[in-house]
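Comments concern the structure below.
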2 protein chains.
Amino acid sequence: MEGSLKPMDAEQLREHAHKMVDFIADYYKSLENFPVLSQVKPGYLSELLPDSAPEHPESLDSILDDVGQKIIPGVTHWQSPNYFAYYPSNSSIAGFLGEMLSAGFNIVGFSWITSPAATELEVIVLDWLAKMLKLPKEFLSSGLGGGVIQGTASEAVLVVLLAARDKFLRKFGKESLSKLIVYASDQTHSALQKACQIAGICPENFRHLKAKQSSNYALGPELLSEAISVDLSAGNIPFFLCGTVGTTSSAAVDPLLELGKIAKAHDLWFHVDAAYAGNACICPEYRHYIDGVENTDSFGMNAHKWLLTNFDCSLLWVKDRSALVKSLSTCPEFLKNKASEEKGVVDFKDWQIPLGRRFRSLKLWMVLRLYGQENLQKYIRNHINLAEQFALLVRSDVRFEVLVPRTFSLVCFRLIPPSDLADNGYKLNYNLMDAVNTSGKIFLSHTVLSGKFVLRFAVGAPLTREKHVREAWRVLQEQANILLENI
Amino acid sequence: MEGSLKPMDAEQLREHAHKMVDFIADYYKSLENFPVLSQVKPGYLSELLPDSAPEHPESLDSILDDVGQKIIPGVTHWQSPNYFAYYPSNSSIAGFLGEMLSAGFNIVGFSWITSPAATELEVIVLDWLAKMLKLPKEFLSSGLGGGVIQGTASEAVLVVLLAARDKFLRKFGKESLSKLIVYASDQTHSALQKACQIAGICPENFRHLKAKQSSNYALGPELLSEAISVDLSAGNIPFFLCGTVGTTSSAAVDPLLELGKIAKAHDLWFHVDAAYAGNACICPEYRHYIDGVENTDSFGMNAHKWLLTNFDCSLLWVKDRSALVKSLSTCPEFLKNKASEEKGVVDFKDWQIPLGRRFRSLKLWMVLRLYGQENLQKYIRNHINLAEQFALLVRSDVRFEVLVPRTFSLVCFRLIPPSDLADNGYKLNYNLMDAVNTSGKIFLSHTVLSGKFVLRFAVGAPLTREKHVREAWRVLQEQANILLENI
């Protein structure tokens, strides 16, 4: 490549990467000018880009021009302060720097030997986080358990489901697969259903227990007990329970203490998905939401959601790491090495679905150090306060209602439909969401609770401040005025 | 966070990220000074870091000091020009810039709506690559198939195995799971075995067909035919065949044309894993290695191995995308949206294991544009030439032998053991590898072929030049001298 960009020349890297830093900093400066939800039409990009790769090199300037003119219009700006959809996906300076450093090393840390620092830093920061969450000591690396970074909560629930499946198949014989039963509330994330599909556990063996409105959509322990009894009578084998702290629909919190007792009595694998709300539990005043975690077998929380760590960084702790390794280990000749053979090291390839893995602990380590625990707690508290302010605004307008008590930083609300609307306000609220999202001013998403179409307002973008929440409410009221006038 | 680092302030980002750019550029400048294989002992890092996260913020300077003093000694430098182990994991300026931009946007592109550009750019660059590889048009997005970026080849083979499993279960009934048979050579990557474990296909149903030395460890079609006949007679259901172009042990190439005919005759799902060697097929003179790809159902290649695209970026093409979607789709209320409902868009969440996904197409797009096809071809050719030079050096020394013809950029070789050594030179060659790796001067890995311990010399790091290959050979000869003197 004489005369052109060399693949990895230090000075060319420096020159180009400085340019990219400025591009990204400028993006953050102008972030509020873009529609938060992309307004492009399907297929827009294929009309703007050539249909084959260039034969000859192009310049970074021409690429950055294209990013500005062709890519950014198609970006939905998750880092915008006006982003209130789904749950957040936090970026931060520390997380961003960690991603840079990880990309610079570009190691593939499947075994300890392929970069000891990658494995060891991961073990250490997962222990740090476990202590911040006051997880029981069985989840620390010093015992039989430990923590690991997965890509997503979907992968976290899949690996523990596989570990539990295989533990039970070893006990009951592999022909008993069709008898293994999974329990979870009907508010559980679809990732569990997908994990079951992957693991060969058929839909009929998944008990979606109805979480009632009266319990704010938390799973009732009595329902679980009943379901287990019925299954036992039928000769089935109850084996896996998934509880959620902070459901995706409404941030409901399953009662871990009571569920844990039942799980223990029946020897189920009890996994807790606290992907979003687990982050809040680093604050002493919210820690009680995971009381009962002592009786669980595994616990997951996504630092990439609400702890300033760039996507992906899903934290999973297990009490019995050997169960994971038994399910997920392979040891081909070409990966054998002295350190692994001597069994004194962790090879995280055996704790996860893929073989290869990035150096993801760097970004989490940098977040913890650049902000410190005190600022991370303040960060969480600020979002929860903002959500509470939003809930008060909604409550102050009689045309609206808040559907469940505000928990963490999520507010579930809707326009109360005039009584003569046949669809219980489904279309009215759908249209309200569509109108505000199409305005490009804010982006929020929805769910359905007890047949009602509900708008979800999730505070959690790093740049969101009080003025953004107030402006979001103004936009919502403005669109509501228009919609209600035209009913 | 008054007075301290704000989570995402544009000017603080600029200041800190410029500092990180210089740190990384300096790392590349001094890369050759570090032992390529980390020389630390297990547990080294826990002695250097505190056992809990800091309460108060620390400065970037103090963190970068720690990276230099505590982390880098524990890094195995995959980007070192003296790295010849496993297969490469390429970084490049373009790939690095793409990672930066992706971390800056930090979107989560599970559905089209969550950032249309992420999905559409991925569709477009996968079409570009398919054209560079001259894949049949059924793999392009314009038909019923298409390409997708997976994290790793492990995930790629898992998703197609699941799609094939479910296709056959839909046809034969779900109770036929225990009859489904997988075929592959015994040189196939362990990722397939792991995928089977995950998918509930038991080890007894995996036919590891012996790849013979006489065929340079490629799978013999007659063995496959025989195995299928035996299974059909026994009432089993052959359903999945995995061929490899460039095996991990010795870069063997399975005969796709003949295998494809058999797969077609028996209606098997035929997947090709070309994780490493597929990259070389962008050069017209190597394209013949994937002749026969017309008769496959899916084809995978890792741009993160040998195409200057930072890890992770594993490309997968399928002819029938609906088979993936049928296996991997879930559609909870909270993810429903107008664009998805209208079915005019791709939602890549239904093509993969996790829900969340990074904006990985950016880095591949930047690689293709900043280098252009011509330079990428030159890049591949240069490595293959360097490997050929290394093979000539090995052949010029009568104490050594090259075990299989050099294919692509991998040379499999060993010290010929004196005839009175009982273990066929296993220990001698193990010690040679251990000695050179412990020197820190080069890093290579091993395999076992027909009972022989074999050293693998894989050229593929972006910075490797002829002088590094010559110096590696000098180090190997030097250590061989010492070992042979002391037998």
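Residues in the structure tokens are named by chain (A, B, ... in the order shown) and by number from 1 within that chain; ligands are numbered from 1 in the order shown.
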
Selection: 10 Å around Pro284 in chain B, only C-alpha atoms, excl. self and same-chain fewer than 3 positions, as a ChimeraX atom specification: /B:132-134,280-281,287-288,377

Could the residues in this selection be saved with N, CA, C and O atoms as a PDB file, in the first residue's frame?
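As written to disk, result.pdb reads:
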```pdb
ATOM      1  N   MET B 132     -17.689  -8.961  -3.831  1.00  0.00           N
ATOM      2  CA  MET B 132     -16.231  -9.125  -3.856  1.00  0.00           C
ATOM      3  C   MET B 132     -15.849 -10.608  -3.838  1.00  0.00           C
ATOM      4  O   MET B 132     -14.843 -11.009  -4.408  1.00  0.00           O
ATOM      5  N   LEU B 133     -16.662 -11.407  -3.157  1.00  0.00           N
ATOM      6  CA  LEU B 133     -16.396 -12.852  -3.067  1.00  0.00           C
ATOM      7  C   LEU B 133     -17.052 -13.616  -4.216  1.00  0.00           C
ATOM      8  O   LEU B 133     -16.943 -14.845  -4.282  1.00  0.00           O
ATOM      9  N   LYS B 134     -17.757 -12.905  -5.061  1.00  0.00           N
ATOM     10  CA  LYS B 134     -18.521 -13.534  -6.136  1.00  0.00           C
ATOM     11  C   LYS B 134     -19.416 -14.644  -5.606  1.00  0.00           C
ATOM     12  O   LYS B 134     -19.472 -15.748  -6.162  1.00  0.00           O
ATOM     13  N   ALA B 280      -9.267 -14.503   1.806  1.00  0.00           N
ATOM     14  CA  ALA B 280      -8.362 -14.567   0.648  1.00  0.00           C
ATOM     15  C   ALA B 280      -9.141 -14.645  -0.664  1.00  0.00           C
ATOM     16  O   ALA B 280      -8.607 -14.310  -1.731  1.00  0.00           O
ATOM     17  N   CYS B 281     -10.379 -15.085  -0.575  1.00  0.00           N
ATOM     18  CA  CYS B 281     -11.163 -15.293  -1.793  1.00  0.00           C
ATOM     19  C   CYS B 281     -11.638 -14.001  -2.434  1.00  0.00           C
ATOM     20  O   CYS B 281     -12.309 -14.027  -3.469  1.00  0.00           O
ATOM     21  N   ARG B 287     -10.095 -17.373  -5.509  1.00  0.00           N
ATOM     22  CA  ARG B 287     -11.547 -17.552  -5.491  1.00  0.00           C
ATOM     23  C   ARG B 287     -11.956 -19.009  -5.722  1.00  0.00           C
ATOM     24  O   ARG B 287     -12.983 -19.465  -5.225  1.00  0.00           O
ATOM     25  N   HIS B 288     -11.112 -19.771  -6.440  1.00  0.00           N
ATOM     26  CA  HIS B 288     -11.496 -21.159  -6.753  1.00  0.00           C
ATOM     27  C   HIS B 288     -11.669 -22.025  -5.505  1.00  0.00           C
ATOM     28  O   HIS B 288     -12.320 -23.069  -5.552  1.00  0.00           O
ATOM     29  N   GLN B 377      -6.782  -6.582  -1.539  1.00  0.00           N
ATOM     30  CA  GLN B 377      -6.216  -7.737  -2.248  1.00  0.00           C
ATOM     31  C   GLN B 377      -4.696  -7.784  -2.080  1.00  0.00           C
ATOM     32  O   GLN B 377      -4.113  -8.832  -1.807  1.00  0.00           O
TER      33      GLN B 377
END
```

Near range 89-96 of chain B, counting only C-alpha atoms, which residues have an atom at most 9 Å away, once you skip same-chain residues fewer than 3 positions from it, shown as a PyMOL selection string? (chain A and resi 5-10+12-13+16-17+60+100+103-108) or (chain B and resi 78-79+99-101+303-311+362-371+460-462)

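Straight-line separation from CA of Gly220 in chain A to CA of Glu258 in chain A: 9.0 Å.
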
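Within 7 Å of Leu256 in chain B, once only C-alpha atoms are used and residues closer than 2 positions along the same chain are dropped, the contacting residues are Asp254, Glu258, Leu259, Gly260, Ile290, Asp291, Gly292 and Val293 of chain B.
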
Limited to N, CA and C atoms, could you put the picked residues into a file as a PDB file, in the first residue's frame?
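Output file again09.pdb is given in full below:
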```
ATOM      1  N   ASP B 254     -12.108 -28.152   2.437  1.00  0.00           N
ATOM      2  CA  ASP B 254     -13.025 -29.225   2.059  1.00  0.00           C
ATOM      3  C   ASP B 254     -13.517 -28.997   0.631  1.00  0.00           C
ATOM      4  N   GLU B 258     -18.055 -31.263  -4.554  1.00  0.00           N
ATOM      5  CA  GLU B 258     -18.526 -32.638  -4.348  1.00  0.00           C
ATOM      6  C   GLU B 258     -19.431 -32.732  -3.125  1.00  0.00           C
ATOM      7  N   LEU B 259     -19.048 -32.061  -2.056  1.00  0.00           N
ATOM      8  CA  LEU B 259     -19.884 -32.111  -0.846  1.00  0.00           C
ATOM      9  C   LEU B 259     -21.264 -31.521  -1.115  1.00  0.00           C
ATOM     10  N   GLY B 260     -21.276 -30.454  -1.896  1.00  0.00           N
ATOM     11  CA  GLY B 260     -22.538 -29.784  -2.191  1.00  0.00           C
ATOM     12  C   GLY B 260     -23.497 -30.684  -2.953  1.00  0.00           C
ATOM     13  N   ILE B 290     -13.499 -21.507  -3.117  1.00  0.00           N
ATOM     14  CA  ILE B 290     -14.911 -21.605  -2.731  1.00  0.00           C
ATOM     15  C   ILE B 290     -15.804 -21.938  -3.928  1.00  0.00           C
ATOM     16  N   ASP B 291     -15.198 -22.435  -4.988  1.00  0.00           N
ATOM     17  CA  ASP B 291     -16.038 -22.948  -6.076  1.00  0.00           C
ATOM     18  C   ASP B 291     -16.967 -24.004  -5.479  1.00  0.00           C
ATOM     19  N   GLY B 292     -18.206 -23.939  -5.844  1.00  0.00           N
ATOM     20  CA  GLY B 292     -19.177 -24.853  -5.267  1.00  0.00           C
ATOM     21  C   GLY B 292     -20.045 -24.188  -4.214  1.00  0.00           C
ATOM     22  N   VAL B 293     -19.709 -22.952  -3.881  1.00  0.00           N
ATOM     23  CA  VAL B 293     -20.504 -22.230  -2.873  1.00  0.00           C
ATOM     24  C   VAL B 293     -21.945 -22.057  -3.352  1.00  0.00           C
TER      25      VAL B 293
END
```

Tell me, as a PyMOL selection string, which residues lie within 10 Å of Thr407 in chain A, counting only C-alpha atoms; anything in the same chain fewer than 3 positions away does not count. chain A and resi 246+250-253+277+384+387-388+404+410-412

How would the residues just picked look written out with C-alpha atoms as an mmCIF file, in the first residue's frame?
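The new file out-v8.cif reads:
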```
data_model
loop_
_atom_site.group_PDB
_atom_site.id
_atom_site.type_symbol
_atom_site.label_atom_id
_atom_site.label_comp_id
_atom_site.auth_asym_id
_atom_site.auth_seq_id
_atom_site.Cartn_x
_atom_site.Cartn_y
_atom_site.Cartn_z
ATOM 1 C CA GLY A 246 -37.460 -3.923 36.715
ATOM 2 C CA SER A 250 -43.367 -1.301 33.621
ATOM 3 C CA ALA A 251 -40.272 -1.759 35.832
ATOM 4 C CA ALA A 252 -42.162 -4.239 38.012
ATOM 5 C CA VAL A 253 -40.165 -5.994 40.707
ATOM 6 C CA ALA A 277 -33.021 -1.732 37.546
ATOM 7 C CA ILE A 384 -34.959 8.889 39.291
ATOM 8 C CA ALA A 387 -38.708 10.671 36.406
ATOM 9 C CA GLU A 388 -40.534 11.592 39.594
ATOM 10 C CA VAL A 404 -48.453 2.036 37.887
ATOM 11 C CA LEU A 410 -39.695 4.820 34.287
ATOM 12 C CA VAL A 411 -43.111 6.440 34.139
ATOM 13 C CA CYS A 412 -45.986 4.493 32.535
#
```

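Of the residues listed (B:Lys378, B:Arg399, B:His271, B:Lys179), B:Lys378 shows the shortest atom-to-atom separation from chain A; distances use only C-alpha atoms.
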
Can you tell me, as a ChimeraX atom specification, which residues in range 352-469 of chain A count as alpha helix (DSSP H) by DSSP? /A:361-395,426-439,466-469

Work out how far apart CA of Thr248 in chain A and CA of Ser190 in chain A are and give it in Å to one decimal.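 Separation of CA of Thr248 in chain A and CA of Ser190 in chain A: 9.5 Å.
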
Mind checking which residues fall within 8 Å of Gln39 in chain B, counting only C-alpha atoms, ignoring those fewer than 3 positions away in the same chain, and posting them as a tab-separated table (two decimals) with N, CA and C atoms, in the first residue's frame?
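In the end it all went to around.tsv:
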```tsv
chain	number	residue	atom	x	y	z
B	35	PRO	N	7.08	-7.98	25.08
B	35	PRO	CA	7.00	-9.41	24.75
B	35	PRO	C	5.67	-9.67	24.06
B	73	PRO	N	1.56	-5.10	30.63
B	73	PRO	CA	2.33	-6.34	30.84
B	73	PRO	C	1.47	-7.61	30.75
B	74	GLY	N	0.18	-7.48	30.97
B	74	GLY	CA	-0.72	-8.63	30.90
B	74	GLY	C	-1.42	-8.76	29.55
B	438	THR	N	8.19	-18.20	25.23
B	438	THR	CA	8.66	-17.66	26.50
B	438	THR	C	9.71	-16.58	26.29
B	440	GLY	N	9.37	-14.24	24.37
B	440	GLY	CA	8.67	-12.98	24.15
B	440	GLY	C	8.93	-12.38	22.78
```

Could you pull out the strand (DSSP E or B) residues of range 219-331 of chain B from DSSP and send them as a PyMOL selection string? chain B and resi 237-245+253+269-273+298-302+314-318

List as a list of chain:residue names the protein and nucleic acid residues near range 157-166 of chain B, meaning an atom at most 7 Å away when only C-alpha atoms are counted, but skip any in the same chain fewer than 6 places from it.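 These residues fall inside the cut-off: A:Ile198, B:Leu192, B:Ala195, B:Ala199, B:Phe240, B:Trp269, B:Ala323, B:Leu324, B:Ser327, B:Gln352.
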
Could the residues in this selection be written to a file with C-alpha atoms, as a tab-separated table (two decimals), in the first residue's frame?
```tsv
chain	number	residue	atom	x	y	z
A	198	ILE	CA	-32.58	-22.10	21.25
B	192	LEU	CA	-19.84	-26.65	15.73
B	195	ALA	CA	-23.41	-25.23	18.80
B	199	ALA	CA	-29.07	-26.71	20.38
B	240	PHE	CA	-26.72	-30.60	8.58
B	269	TRP	CA	-28.46	-27.78	5.14
B	323	ALA	CA	-35.43	-19.87	8.07
B	324	LEU	CA	-33.36	-17.75	10.45
B	327	SER	CA	-36.08	-19.82	14.56
B	352	GLN	CA	-29.06	-13.55	15.75
```

Gly425 in chain B: which residues within 8 Å, counting only C-alpha atoms, same-chain residues fewer than 4 positions away excluded, as number ranges by chain? B: 415-418, 421, 429, 452-453
